[in-house]
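What follows is a short report on a single structure.
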Amino acid sequence: METSSIYAVETKDLTKIYMPPSGIRKVLMRSPVRENILAVDSINLQVKKGEVFGLLGPNGAGKTTLIKMLTTLLRPTSGSAHLAGFDVVRQEDEARKVIGLVTGEERSFYWRLTGRQNLNFFAGLCNIKRREIPQKIDQVLDQVGLSQAADNMFYSYSSGMKQKLSIARALLNEPQVLFLDEPTKSVDVIAIAEIKRFIKELANGEQKRTILLATHRLEEAEELCDRIAIVNKGRIIFCGTVGELKKTLGGRDQYLVVTNGIDKAGCKGVSDKYVLSNTMIENPGGNGTIEFSFSFANGSNPLSSVLNDIIAAGGTILSCEKKERRLEEMFIDIVSGDRN
């Protein structure tokens with residue numbers, strides 16, 4: 001493919017429709033599902049080599065289904081996907097050799113084997129040459145900081161250590177593309193910090209691996225990702241940098257004006273005139289000082305007009321500040337808008 005030199009991950013109209021069971025399968029499964037479920041709807045995605053790309057979306061948005069198709073665990077209904085130039089359907093074996101997958105609910109390790117023994121087993125499945133396996137295992141254990149606990153039984157590992165071992169296993173075959181499906185799910189704060197640090201090291205190291213990170217932790221995406229895609233109802237409703245998302249929703253920035261000499265009714269009149277949204281008018285001290293917060297629903301920014309009207313009504317502006325919107329607020333805005 002011509003684009004294989006540019007993109008590590010590329011999809012075209014990638015679609016997955018879950019069909020309801022029929023015949024004997026319907027009887028055995030006792031499935032109440034009667035209609036087709038469109039889980040992923042014609043997704044077009046391009047992730048550059050060496051990029052850390054975030055997938056965000058509410059539960060049931062289609063993120064996990066998308067990752068399963070990209071990692072050859074699930075056949076698409078239509079459309080196409082390529083990993084490092086390999087078609088995930090027609091070149092399934094080649095595609096699997098260039099990927100690593102880490103999930104937030106890993107259950108495939110053997111609990112009565114040590115961490116090292118587990119990795120030794122999975123290294124054999126990766127077709128790594130036998131004489132190279134010990135060195136490779138030592139290398140990945142050192143990368144994730146588990147060298148000291150390598151010979152402890154897996155059942156004795158904390159949730160954070162189990163997740164680190166999952167990352168170590170995904171690195172055994174030196175993948176070009178690493179898929180992380182909620183890697184910090186159900187781990188403690190210290191483990192989260194260590195995993196985030198490790199993701200940064202992978203992204204910025206000599207090999208500059210391509211990382212596709214699906215997460216519910218919005219601060220993770222903002223901190224780690226070069227670009228993000230917000231998925232809802234199986235579709236990508238935004239794709240770009242966090243800065244571009246802020247620019248797109250910039251008209252909804254929240255402002256806080258502290259004033260006196262004007263009452264709540266006067267501020268309400270200004271709010272109605274400019275059709276302000278997310279308004280809150282408070283008198284926290286019980287005196288004449290009013291805290292008036294708002295955003296501009298229509299995307300315009302007549303801030304100077306709002307302030308002039310407050311002054312014209314007898315108010316004195318004590319302070320005015322623009323409150324930086326968090327990614328969480330923007331995520332809620334864009335997903336809620338897509339649902340309407």
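Chain identifiers are assigned as A, B, and so on, following the order in which chains appear in the structure tokens; residues are numbered from 1 within each chain, and ligands are numbered from 1 in order of appearance.
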
Could you list, with a cut-off of 10 Å and counting only C-alpha atoms, the residues of stretch 17-123 of chain A near stretch 147-168 of chain A, each shown with its nearest atom pair and the distance in Å rounded to one decimal, rows sorted by chain and ascending number, as a Markdown table?
```
| residue | atom | partner | partner_atom | distance |
| --- | --- | --- | --- | --- |
| A:Gly100 | CA | A:Ile167 | CA | 8.4 |
| A:Leu101 | CA | A:Ile167 | CA | 7.9 |
| A:Val102 | CA | A:Ile167 | CA | 6.0 |
| A:Thr103 | CA | A:Ser166 | CA | 7.9 |
| A:Gly104 | CA | A:Gln163 | CA | 7.5 |
| A:Glu105 | CA | A:Gln163 | CA | 8.7 |
| A:Glu106 | CA | A:Ser166 | CA | 7.3 |
| A:Arg107 | CA | A:Lys162 | CA | 9.8 |
| A:Ser108 | CA | A:Ser166 | CA | 9.5 |
| A:Phe109 | CA | A:Phe154 | CA | 7.8 |
| A:Tyr110 | CA | A:Phe154 | CA | 7.1 |
| A:Trp111 | CA | A:Tyr155 | CA | 4.9 |
| A:Arg112 | CA | A:Met153 | CA | 6.0 |
| A:Leu113 | CA | A:Met153 | CA | 5.5 |
| A:Thr114 | CA | A:Met153 | CA | 4.0 |
| A:Gly115 | CA | A:Ala150 | CA | 5.0 |
| A:Arg116 | CA | A:Ala150 | CA | 5.2 |
| A:Gln117 | CA | A:Asp151 | CA | 7.9 |
| A:Asn118 | CA | A:Phe154 | CA | 8.2 |
| A:Leu119 | CA | A:Ala168 | CA | 8.0 |
```

Could you pull out all residues of stretch 136-183 of chain A with a DSSP call of helix (DSSP H, G or I) and give them as a PDB file with N, CA and C atoms, in the first residue's frame?
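Final output, out.pdb:
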```pdb
ATOM      1  N   LYS A 136      15.053 -12.090  25.991  1.00  0.00           N
ATOM      2  CA  LYS A 136      13.888 -11.260  25.677  1.00  0.00           C
ATOM      3  C   LYS A 136      13.010 -11.053  26.906  1.00  0.00           C
ATOM      4  N   ILE A 137      12.826 -12.120  27.703  1.00  0.00           N
ATOM      5  CA  ILE A 137      12.011 -12.007  28.912  1.00  0.00           C
ATOM      6  C   ILE A 137      12.658 -11.060  29.911  1.00  0.00           C
ATOM      7  N   ASP A 138      13.957 -11.180  30.107  1.00  0.00           N
ATOM      8  CA  ASP A 138      14.664 -10.271  31.018  1.00  0.00           C
ATOM      9  C   ASP A 138      14.508  -8.822  30.568  1.00  0.00           C
ATOM     10  N   GLN A 139      14.553  -8.637  29.266  1.00  0.00           N
ATOM     11  CA  GLN A 139      14.461  -7.284  28.716  1.00  0.00           C
ATOM     12  C   GLN A 139      13.109  -6.650  29.001  1.00  0.00           C
ATOM     13  N   VAL A 140      12.014  -7.388  28.738  1.00  0.00           N
ATOM     14  CA  VAL A 140      10.691  -6.790  28.931  1.00  0.00           C
ATOM     15  C   VAL A 140      10.347  -6.661  30.413  1.00  0.00           C
ATOM     16  N   LEU A 141      10.837  -7.600  31.238  1.00  0.00           N
ATOM     17  CA  LEU A 141      10.616  -7.471  32.684  1.00  0.00           C
ATOM     18  C   LEU A 141      11.295  -6.232  33.229  1.00  0.00           C
ATOM     19  N   ASP A 142      12.489  -5.953  32.731  1.00  0.00           N
ATOM     20  CA  ASP A 142      13.203  -4.755  33.152  1.00  0.00           C
ATOM     21  C   ASP A 142      12.475  -3.497  32.674  1.00  0.00           C
ATOM     22  N   GLN A 143      11.930  -3.546  31.463  1.00  0.00           N
ATOM     23  CA  GLN A 143      11.216  -2.395  30.917  1.00  0.00           C
ATOM     24  C   GLN A 143      10.034  -1.994  31.781  1.00  0.00           C
ATOM     25  N   VAL A 144       9.303  -2.985  32.298  1.00  0.00           N
ATOM     26  CA  VAL A 144       8.099  -2.670  33.078  1.00  0.00           C
ATOM     27  C   VAL A 144       8.361  -2.651  34.581  1.00  0.00           C
ATOM     28  N   SER A 147      11.483  -6.965  37.323  1.00  0.00           N
ATOM     29  CA  SER A 147      12.615  -7.895  37.421  1.00  0.00           C
ATOM     30  C   SER A 147      12.702  -8.547  38.793  1.00  0.00           C
ATOM     31  N   GLN A 148      12.475  -7.763  39.850  1.00  0.00           N
ATOM     32  CA  GLN A 148      12.603  -8.291  41.209  1.00  0.00           C
ATOM     33  C   GLN A 148      11.486  -9.270  41.560  1.00  0.00           C
ATOM     34  N   ALA A 149      10.328  -9.127  40.912  1.00  0.00           N
ATOM     35  CA  ALA A 149       9.178  -9.989  41.219  1.00  0.00           C
ATOM     36  C   ALA A 149       8.961 -11.060  40.160  1.00  0.00           C
ATOM     37  N   PHE A 154       2.159 -15.677  40.033  1.00  0.00           N
ATOM     38  CA  PHE A 154       1.290 -14.646  39.464  1.00  0.00           C
ATOM     39  C   PHE A 154       0.156 -14.283  40.418  1.00  0.00           C
ATOM     40  N   TYR A 155      -0.374 -15.292  41.152  1.00  0.00           N
ATOM     41  CA  TYR A 155      -1.496 -15.005  42.054  1.00  0.00           C
ATOM     42  C   TYR A 155      -1.122 -14.045  43.175  1.00  0.00           C
ATOM     43  N   SER A 156       0.173 -13.890  43.437  1.00  0.00           N
ATOM     44  CA  SER A 156       0.601 -12.986  44.506  1.00  0.00           C
ATOM     45  C   SER A 156       0.766 -11.548  44.016  1.00  0.00           C
ATOM     46  N   SER A 159      -2.846  -5.839  41.446  1.00  0.00           N
ATOM     47  CA  SER A 159      -3.496  -5.549  40.162  1.00  0.00           C
ATOM     48  C   SER A 159      -2.574  -4.748  39.251  1.00  0.00           C
ATOM     49  N   GLY A 160      -1.803  -3.837  39.845  1.00  0.00           N
ATOM     50  CA  GLY A 160      -0.865  -3.057  39.044  1.00  0.00           C
ATOM     51  C   GLY A 160       0.244  -3.914  38.458  1.00  0.00           C
ATOM     52  N   MET A 161       0.759  -4.877  39.236  1.00  0.00           N
ATOM     53  CA  MET A 161       1.816  -5.769  38.752  1.00  0.00           C
ATOM     54  C   MET A 161       1.286  -6.685  37.649  1.00  0.00           C
ATOM     55  N   LYS A 162       0.047  -7.142  37.803  1.00  0.00           N
ATOM     56  CA  LYS A 162      -0.556  -7.976  36.764  1.00  0.00           C
ATOM     57  C   LYS A 162      -0.669  -7.199  35.448  1.00  0.00           C
ATOM     58  N   GLN A 163      -1.034  -5.941  35.558  1.00  0.00           N
ATOM     59  CA  GLN A 163      -1.157  -5.146  34.340  1.00  0.00           C
ATOM     60  C   GLN A 163       0.204  -4.887  33.706  1.00  0.00           C
ATOM     61  N   LYS A 164       1.220  -4.696  34.536  1.00  0.00           N
ATOM     62  CA  LYS A 164       2.573  -4.527  34.005  1.00  0.00           C
ATOM     63  C   LYS A 164       3.038  -5.789  33.288  1.00  0.00           C
ATOM     64  N   LEU A 165       2.701  -6.950  33.847  1.00  0.00           N
ATOM     65  CA  LEU A 165       3.075  -8.198  33.191  1.00  0.00           C
ATOM     66  C   LEU A 165       2.340  -8.339  31.854  1.00  0.00           C
ATOM     67  N   SER A 166       1.115  -7.858  31.800  1.00  0.00           N
ATOM     68  CA  SER A 166       0.362  -7.879  30.557  1.00  0.00           C
ATOM     69  C   SER A 166       1.042  -7.015  29.499  1.00  0.00           C
ATOM     70  N   ILE A 167       1.559  -5.864  29.923  1.00  0.00           N
ATOM     71  CA  ILE A 167       2.293  -4.991  28.998  1.00  0.00           C
ATOM     72  C   ILE A 167       3.590  -5.672  28.557  1.00  0.00           C
ATOM     73  N   ALA A 168       4.276  -6.312  29.511  1.00  0.00           N
ATOM     74  CA  ALA A 168       5.517  -7.020  29.184  1.00  0.00           C
ATOM     75  C   ALA A 168       5.250  -8.099  28.134  1.00  0.00           C
ATOM     76  N   ARG A 169       4.176  -8.853  28.296  1.00  0.00           N
ATOM     77  CA  ARG A 169       3.834  -9.891  27.330  1.00  0.00           C
ATOM     78  C   ARG A 169       3.580  -9.293  25.944  1.00  0.00           C
ATOM     79  N   ALA A 170       2.896  -8.134  25.906  1.00  0.00           N
ATOM     80  CA  ALA A 170       2.588  -7.497  24.625  1.00  0.00           C
ATOM     81  C   ALA A 170       3.845  -7.016  23.912  1.00  0.00           C
TER      82      ALA A 170
END
```

Please identify every residue of stretch 76-171 of chain A that has at least one atom no farther than 10 Å from an atom of stretch 12-22 of chain A, counting only C-alpha atoms, and for each give the shortest atom pair and the distance in Å to one decimal, arranged by chain then increasing number, as a Markdown table.
```
| residue | atom | partner | partner_atom | distance |
| --- | --- | --- | --- | --- |
| A:Pro76 | CA | A:Lys16 | CA | 5.1 |
| A:Thr77 | CA | A:Lys16 | CA | 4.8 |
| A:Ser78 | CA | A:Thr15 | CA | 5.2 |
| A:Gly79 | CA | A:Leu14 | CA | 4.2 |
| A:Ser80 | CA | A:Lys12 | CA | 5.3 |
| A:Ala81 | CA | A:Lys12 | CA | 6.4 |
| A:His82 | CA | A:Lys12 | CA | 9.0 |
```

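For the atom pair formed by atom CA of A:Ala95 and atom CA of A:Ile192, the distance is 29.2 Å, given to one decimal.
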
Using only C-alpha atoms, which protein or nucleic acid residues come within 9 Å of A:Ser271? Drop anything in the same chain fewer than 5 positions from it, and give the result as a PyMOL selection string.
chain A and resi 266+276-277+279+294+306

Based on the selection just made, write N, CA and C atoms of those residues as a PDB file, in the first residue's frame.
```
ATOM      1  N   GLY A 266     -30.623  42.416  37.491  1.00  0.00           N
ATOM      2  CA  GLY A 266     -29.890  43.111  36.446  1.00  0.00           C
ATOM      3  C   GLY A 266     -28.998  42.165  35.650  1.00  0.00           C
ATOM      4  N   LEU A 276     -27.177  33.885  27.042  1.00  0.00           N
ATOM      5  CA  LEU A 276     -26.050  33.197  27.648  1.00  0.00           C
ATOM      6  C   LEU A 276     -26.485  31.838  28.172  1.00  0.00           C
ATOM      7  N   SER A 277     -25.542  30.896  28.220  1.00  0.00           N
ATOM      8  CA  SER A 277     -25.858  29.558  28.715  1.00  0.00           C
ATOM      9  C   SER A 277     -24.999  29.241  29.930  1.00  0.00           C
ATOM     10  N   THR A 279     -25.499  29.679  32.944  1.00  0.00           N
ATOM     11  CA  THR A 279     -25.413  30.852  33.813  1.00  0.00           C
ATOM     12  C   THR A 279     -25.616  30.480  35.275  1.00  0.00           C
ATOM     13  N   PHE A 294     -21.008  32.422  33.189  1.00  0.00           N
ATOM     14  CA  PHE A 294     -21.789  32.161  31.987  1.00  0.00           C
ATOM     15  C   PHE A 294     -20.873  31.694  30.856  1.00  0.00           C
ATOM     16  N   VAL A 306     -21.169  42.392  27.013  1.00  0.00           N
ATOM     17  CA  VAL A 306     -21.747  41.967  28.289  1.00  0.00           C
ATOM     18  C   VAL A 306     -21.231  42.849  29.424  1.00  0.00           C
TER      19      VAL A 306
END
```

Find the distance between atom CA of A:Arg75 and atom CA of A:Leu172 and write it in Å to one decimal.
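These two atoms are separated by 24.8 Å.
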
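Look at stretch 206-214 of chain A: the protein and nucleic acid residues within 6 Å of it, using only C-alpha atoms and passing over chain neighbours fewer than 3 places away, are Lys49, Gly50, Glu51, Val52, Phe53, Gly54, Leu55, Gln176, Val177, Leu178, Phe179, Leu180, Asp181, Glu182 and Ala203 of chain A.
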
Store the residues picked out above in a file with N, CA and C atoms, as a PDB file, in the first residue's frame.
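After the write, part09.pdb holds the following:
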```
ATOM      1  N   LYS A  49       2.667   6.636  12.091  1.00  0.00           N
ATOM      2  CA  LYS A  49       3.691   5.888  12.805  1.00  0.00           C
ATOM      3  C   LYS A  49       4.287   6.750  13.908  1.00  0.00           C
ATOM      4  N   GLY A  50       4.470   6.153  15.087  1.00  0.00           N
ATOM      5  CA  GLY A  50       5.050   6.871  16.214  1.00  0.00           C
ATOM      6  C   GLY A  50       4.080   7.761  16.961  1.00  0.00           C
ATOM      7  N   GLU A  51       2.810   7.732  16.587  1.00  0.00           N
ATOM      8  CA  GLU A  51       1.807   8.585  17.214  1.00  0.00           C
ATOM      9  C   GLU A  51       1.158   7.866  18.396  1.00  0.00           C
ATOM     10  N   VAL A  52       0.836   8.636  19.440  1.00  0.00           N
ATOM     11  CA  VAL A  52       0.012   8.119  20.531  1.00  0.00           C
ATOM     12  C   VAL A  52      -1.398   8.645  20.280  1.00  0.00           C
ATOM     13  N   PHE A  53      -2.298   7.736  19.983  1.00  0.00           N
ATOM     14  CA  PHE A  53      -3.643   8.118  19.546  1.00  0.00           C
ATOM     15  C   PHE A  53      -4.659   7.617  20.556  1.00  0.00           C
ATOM     16  N   GLY A  54      -5.532   8.501  21.025  1.00  0.00           N
ATOM     17  CA  GLY A  54      -6.504   8.153  22.046  1.00  0.00           C
ATOM     18  C   GLY A  54      -7.889   7.900  21.475  1.00  0.00           C
ATOM     19  N   LEU A  55      -8.546   6.867  21.995  1.00  0.00           N
ATOM     20  CA  LEU A  55      -9.940   6.577  21.664  1.00  0.00           C
ATOM     21  C   LEU A  55     -10.785   6.824  22.908  1.00  0.00           C
ATOM     22  N   GLN A 176       5.067  -3.217  16.310  1.00  0.00           N
ATOM     23  CA  GLN A 176       5.109  -1.880  15.732  1.00  0.00           C
ATOM     24  C   GLN A 176       3.949  -1.030  16.250  1.00  0.00           C
ATOM     25  N   VAL A 177       2.811  -1.694  16.508  1.00  0.00           N
ATOM     26  CA  VAL A 177       1.619  -0.994  16.988  1.00  0.00           C
ATOM     27  C   VAL A 177       1.166  -1.655  18.286  1.00  0.00           C
ATOM     28  N   LEU A 178       1.046  -0.851  19.337  1.00  0.00           N
ATOM     29  CA  LEU A 178       0.630  -1.366  20.647  1.00  0.00           C
ATOM     30  C   LEU A 178      -0.764  -0.841  20.968  1.00  0.00           C
ATOM     31  N   PHE A 179      -1.705  -1.767  21.179  1.00  0.00           N
ATOM     32  CA  PHE A 179      -3.073  -1.408  21.528  1.00  0.00           C
ATOM     33  C   PHE A 179      -3.250  -1.552  23.038  1.00  0.00           C
ATOM     34  N   LEU A 180      -3.688  -0.478  23.670  1.00  0.00           N
ATOM     35  CA  LEU A 180      -3.919  -0.473  25.112  1.00  0.00           C
ATOM     36  C   LEU A 180      -5.394  -0.173  25.358  1.00  0.00           C
ATOM     37  N   ASP A 181      -6.139  -1.198  25.735  1.00  0.00           N
ATOM     38  CA  ASP A 181      -7.573  -1.053  25.969  1.00  0.00           C
ATOM     39  C   ASP A 181      -7.815  -0.894  27.466  1.00  0.00           C
ATOM     40  N   GLU A 182      -7.945   0.358  27.903  1.00  0.00           N
ATOM     41  CA  GLU A 182      -8.133   0.713  29.316  1.00  0.00           C
ATOM     42  C   GLU A 182      -7.062   0.066  30.197  1.00  0.00           C
ATOM     43  N   ALA A 203       6.557   5.751  23.848  1.00  0.00           N
ATOM     44  CA  ALA A 203       6.261   6.672  22.751  1.00  0.00           C
ATOM     45  C   ALA A 203       7.480   7.507  22.371  1.00  0.00           C
TER      46      ALA A 203
END
```

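With only C-alpha atoms as the atoms that count, the minimum distance from A:Val98 to the choices A:Gly234, A:Gly243, A:Gly145, A:Gly85 is reached by A:Gly85.
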
Of A:Leu73, A:Met280, A:Ile262, A:Leu327, the one nearest to A:Glu244 when counting only C-alpha atoms is A:Leu327

Using only C-alpha atoms, which protein or nucleic acid residues come within 7 Å of A:Lys48? Drop anything in the same chain fewer than 3 positions from it, and give the result as a tab-separated table (two decimals) with C-alpha atoms, in the first residue's frame.
```tsv
chain	number	residue	atom	x	y	z
A	6	ILE	CA	2.93	6.98	6.48
A	7	TYR	CA	0.26	5.29	8.57
A	8	ALA	CA	0.59	2.53	11.13
A	9	VAL	CA	-3.19	2.14	11.33
A	51	GLU	CA	1.81	8.59	17.21
```

Extract the full set of strand (DSSP E or B) residues from stretch 51-124 of chain A according to DSSP on the backbone, and format it as JSON, numbers by chain.
{"A": [52, 53, 54, 55, 56, 78, 79, 80, 81, 82, 83, 86, 87, 99, 100, 101, 102, 103, 114]}

Next, dump the selected residues to file, keeping only N, CA and C atoms, as a PDB file, in the first residue's frame.
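Result file follows (out17.pdb):
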```pdb
ATOM      1  N   VAL A  52       0.836   8.636  19.440  1.00  0.00           N
ATOM      2  CA  VAL A  52       0.012   8.119  20.531  1.00  0.00           C
ATOM      3  C   VAL A  52      -1.398   8.645  20.280  1.00  0.00           C
ATOM      4  N   PHE A  53      -2.298   7.736  19.983  1.00  0.00           N
ATOM      5  CA  PHE A  53      -3.643   8.118  19.546  1.00  0.00           C
ATOM      6  C   PHE A  53      -4.659   7.617  20.556  1.00  0.00           C
ATOM      7  N   GLY A  54      -5.532   8.501  21.025  1.00  0.00           N
ATOM      8  CA  GLY A  54      -6.504   8.153  22.046  1.00  0.00           C
ATOM      9  C   GLY A  54      -7.889   7.900  21.475  1.00  0.00           C
ATOM     10  N   LEU A  55      -8.546   6.867  21.995  1.00  0.00           N
ATOM     11  CA  LEU A  55      -9.940   6.577  21.664  1.00  0.00           C
ATOM     12  C   LEU A  55     -10.785   6.824  22.908  1.00  0.00           C
ATOM     13  N   LEU A  56     -11.696   7.774  22.824  1.00  0.00           N
ATOM     14  CA  LEU A  56     -12.566   8.100  23.951  1.00  0.00           C
ATOM     15  C   LEU A  56     -14.008   7.896  23.537  1.00  0.00           C
ATOM     16  N   SER A  78     -17.970  -5.072   6.976  1.00  0.00           N
ATOM     17  CA  SER A  78     -17.590  -4.455   5.709  1.00  0.00           C
ATOM     18  C   SER A  78     -16.511  -3.431   5.972  1.00  0.00           C
ATOM     19  N   GLY A  79     -15.969  -2.876   4.874  1.00  0.00           N
ATOM     20  CA  GLY A  79     -14.877  -1.930   5.003  1.00  0.00           C
ATOM     21  C   GLY A  79     -13.547  -2.650   5.129  1.00  0.00           C
ATOM     22  N   SER A  80     -12.497  -1.883   5.382  1.00  0.00           N
ATOM     23  CA  SER A  80     -11.159  -2.477   5.459  1.00  0.00           C
ATOM     24  C   SER A  80     -10.337  -1.802   6.543  1.00  0.00           C
ATOM     25  N   ALA A  81      -9.297  -2.509   6.990  1.00  0.00           N
ATOM     26  CA  ALA A  81      -8.357  -1.976   7.976  1.00  0.00           C
ATOM     27  C   ALA A  81      -6.980  -2.534   7.670  1.00  0.00           C
ATOM     28  N   HIS A  82      -5.973  -1.689   7.809  1.00  0.00           N
ATOM     29  CA  HIS A  82      -4.588  -2.097   7.570  1.00  0.00           C
ATOM     30  C   HIS A  82      -3.718  -1.696   8.759  1.00  0.00           C
ATOM     31  N   LEU A  83      -2.832  -2.604   9.147  1.00  0.00           N
ATOM     32  CA  LEU A  83      -1.855  -2.347  10.200  1.00  0.00           C
ATOM     33  C   LEU A  83      -0.472  -2.478   9.585  1.00  0.00           C
ATOM     34  N   PHE A  86      -0.598  -4.104   6.345  1.00  0.00           N
ATOM     35  CA  PHE A  86      -1.183  -5.442   6.206  1.00  0.00           C
ATOM     36  C   PHE A  86      -2.696  -5.387   6.426  1.00  0.00           C
ATOM     37  N   ASP A  87      -3.428  -6.017   5.520  1.00  0.00           N
ATOM     38  CA  ASP A  87      -4.876  -6.104   5.637  1.00  0.00           C
ATOM     39  C   ASP A  87      -5.222  -7.070   6.780  1.00  0.00           C
ATOM     40  N   ILE A  99       1.557  -6.405  15.981  1.00  0.00           N
ATOM     41  CA  ILE A  99       0.756  -5.760  17.021  1.00  0.00           C
ATOM     42  C   ILE A  99       0.981  -6.394  18.383  1.00  0.00           C
ATOM     43  N   GLY A 100       0.712  -5.592  19.418  1.00  0.00           N
ATOM     44  CA  GLY A 100       0.645  -6.068  20.790  1.00  0.00           C
ATOM     45  C   GLY A 100      -0.643  -5.548  21.389  1.00  0.00           C
ATOM     46  N   LEU A 101      -1.273  -6.338  22.267  1.00  0.00           N
ATOM     47  CA  LEU A 101      -2.564  -5.947  22.841  1.00  0.00           C
ATOM     48  C   LEU A 101      -2.538  -6.096  24.349  1.00  0.00           C
ATOM     49  N   VAL A 102      -2.972  -5.033  25.024  1.00  0.00           N
ATOM     50  CA  VAL A 102      -3.113  -5.038  26.485  1.00  0.00           C
ATOM     51  C   VAL A 102      -4.534  -4.629  26.809  1.00  0.00           C
ATOM     52  N   THR A 103      -5.237  -5.435  27.598  1.00  0.00           N
ATOM     53  CA  THR A 103      -6.607  -5.104  27.994  1.00  0.00           C
ATOM     54  C   THR A 103      -6.669  -4.819  29.490  1.00  0.00           C
ATOM     55  N   THR A 114       4.942 -18.554  37.801  1.00  0.00           N
ATOM     56  CA  THR A 114       5.557 -17.272  38.105  1.00  0.00           C
ATOM     57  C   THR A 114       5.379 -16.332  36.919  1.00  0.00           C
TER      58      THR A 114
END
```

Coordinates-based distance that separates atom CA of A:Phe122 from atom CA of A:Gln135 (Å, one decimal)
14.2 Å

Contacts of stretch 213-257 of chain A with stretch 60-64 of chain A up to 10 Å, shortest pair per row, only C-alpha atoms, as CSV:
```
residue,atom,partner,partner_atom,distance
A:Ala214,CA,A:Lys63,CA,7.0
A:Thr215,CA,A:Lys63,CA,9.1
A:Ile230,CA,A:Ala61,CA,9.1
A:Val231,CA,A:Ala61,CA,5.9
A:Asn232,CA,A:Ala61,CA,4.6
A:Lys233,CA,A:Ala61,CA,5.0
A:Gly234,CA,A:Gly62,CA,4.9
A:Arg235,CA,A:Gly62,CA,7.9
A:Ile236,CA,A:Ala61,CA,9.5
```

Only N, CA and C atoms, please: the residues just picked out, written as a compact mmCIF listing (two decimals), in the first residue's frame.
```
# COMPACT_ATOMS: atom_id res chain seq x y z
N ALA A 214 -7.23 3.26 24.29
CA ALA A 214 -8.65 3.43 24.59
C ALA A 214 -8.79 3.61 26.09
N THR A 215 -9.45 4.67 26.51
CA THR A 215 -9.51 4.96 27.94
C THR A 215 -10.78 5.71 28.29
N ILE A 230 -13.11 10.93 19.44
CA ILE A 230 -14.25 10.67 20.31
C ILE A 230 -15.26 9.85 19.52
N VAL A 231 -15.60 8.69 20.08
CA VAL A 231 -16.49 7.75 19.40
C VAL A 231 -17.83 7.72 20.14
N ASN A 232 -18.91 7.78 19.39
CA ASN A 232 -20.24 7.66 19.98
C ASN A 232 -21.16 7.00 18.96
N LYS A 233 -21.96 6.06 19.42
CA LYS A 233 -22.89 5.32 18.54
C LYS A 233 -22.16 4.70 17.37
N GLY A 234 -20.92 4.26 17.60
CA GLY A 234 -20.17 3.57 16.57
C GLY A 234 -19.53 4.48 15.53
N ARG A 235 -19.66 5.79 15.70
CA ARG A 235 -19.11 6.74 14.74
C ARG A 235 -18.08 7.64 15.41
N ILE A 236 -17.13 8.14 14.64
CA ILE A 236 -16.19 9.14 15.14
C ILE A 236 -16.84 10.51 14.98
```

My list of candidates is A:Lys273, A:Arg326, A:Lys97, A:Arg130. Which is closest to A:Ala221 when distances are computed with only C-alpha atoms?
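Between A:Lys273, A:Arg326, A:Lys97, A:Arg130, the residue approaching A:Ala221 most closely is A:Arg326.
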
Of the candidates A:Thr11, A:Ala193, A:Thr184, A:Ala84, which shows the shortest atom-to-atom distance to A:Leu66, using only C-alpha atoms?
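Smallest distance to A:Leu66 is found for A:Thr11.
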
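The nearest approach to A:Leu70 among the residues A:Gly285, A:Met330, A:Lys185, A:Glu10, with only C-alpha atoms taken into account, belongs to A:Glu10.
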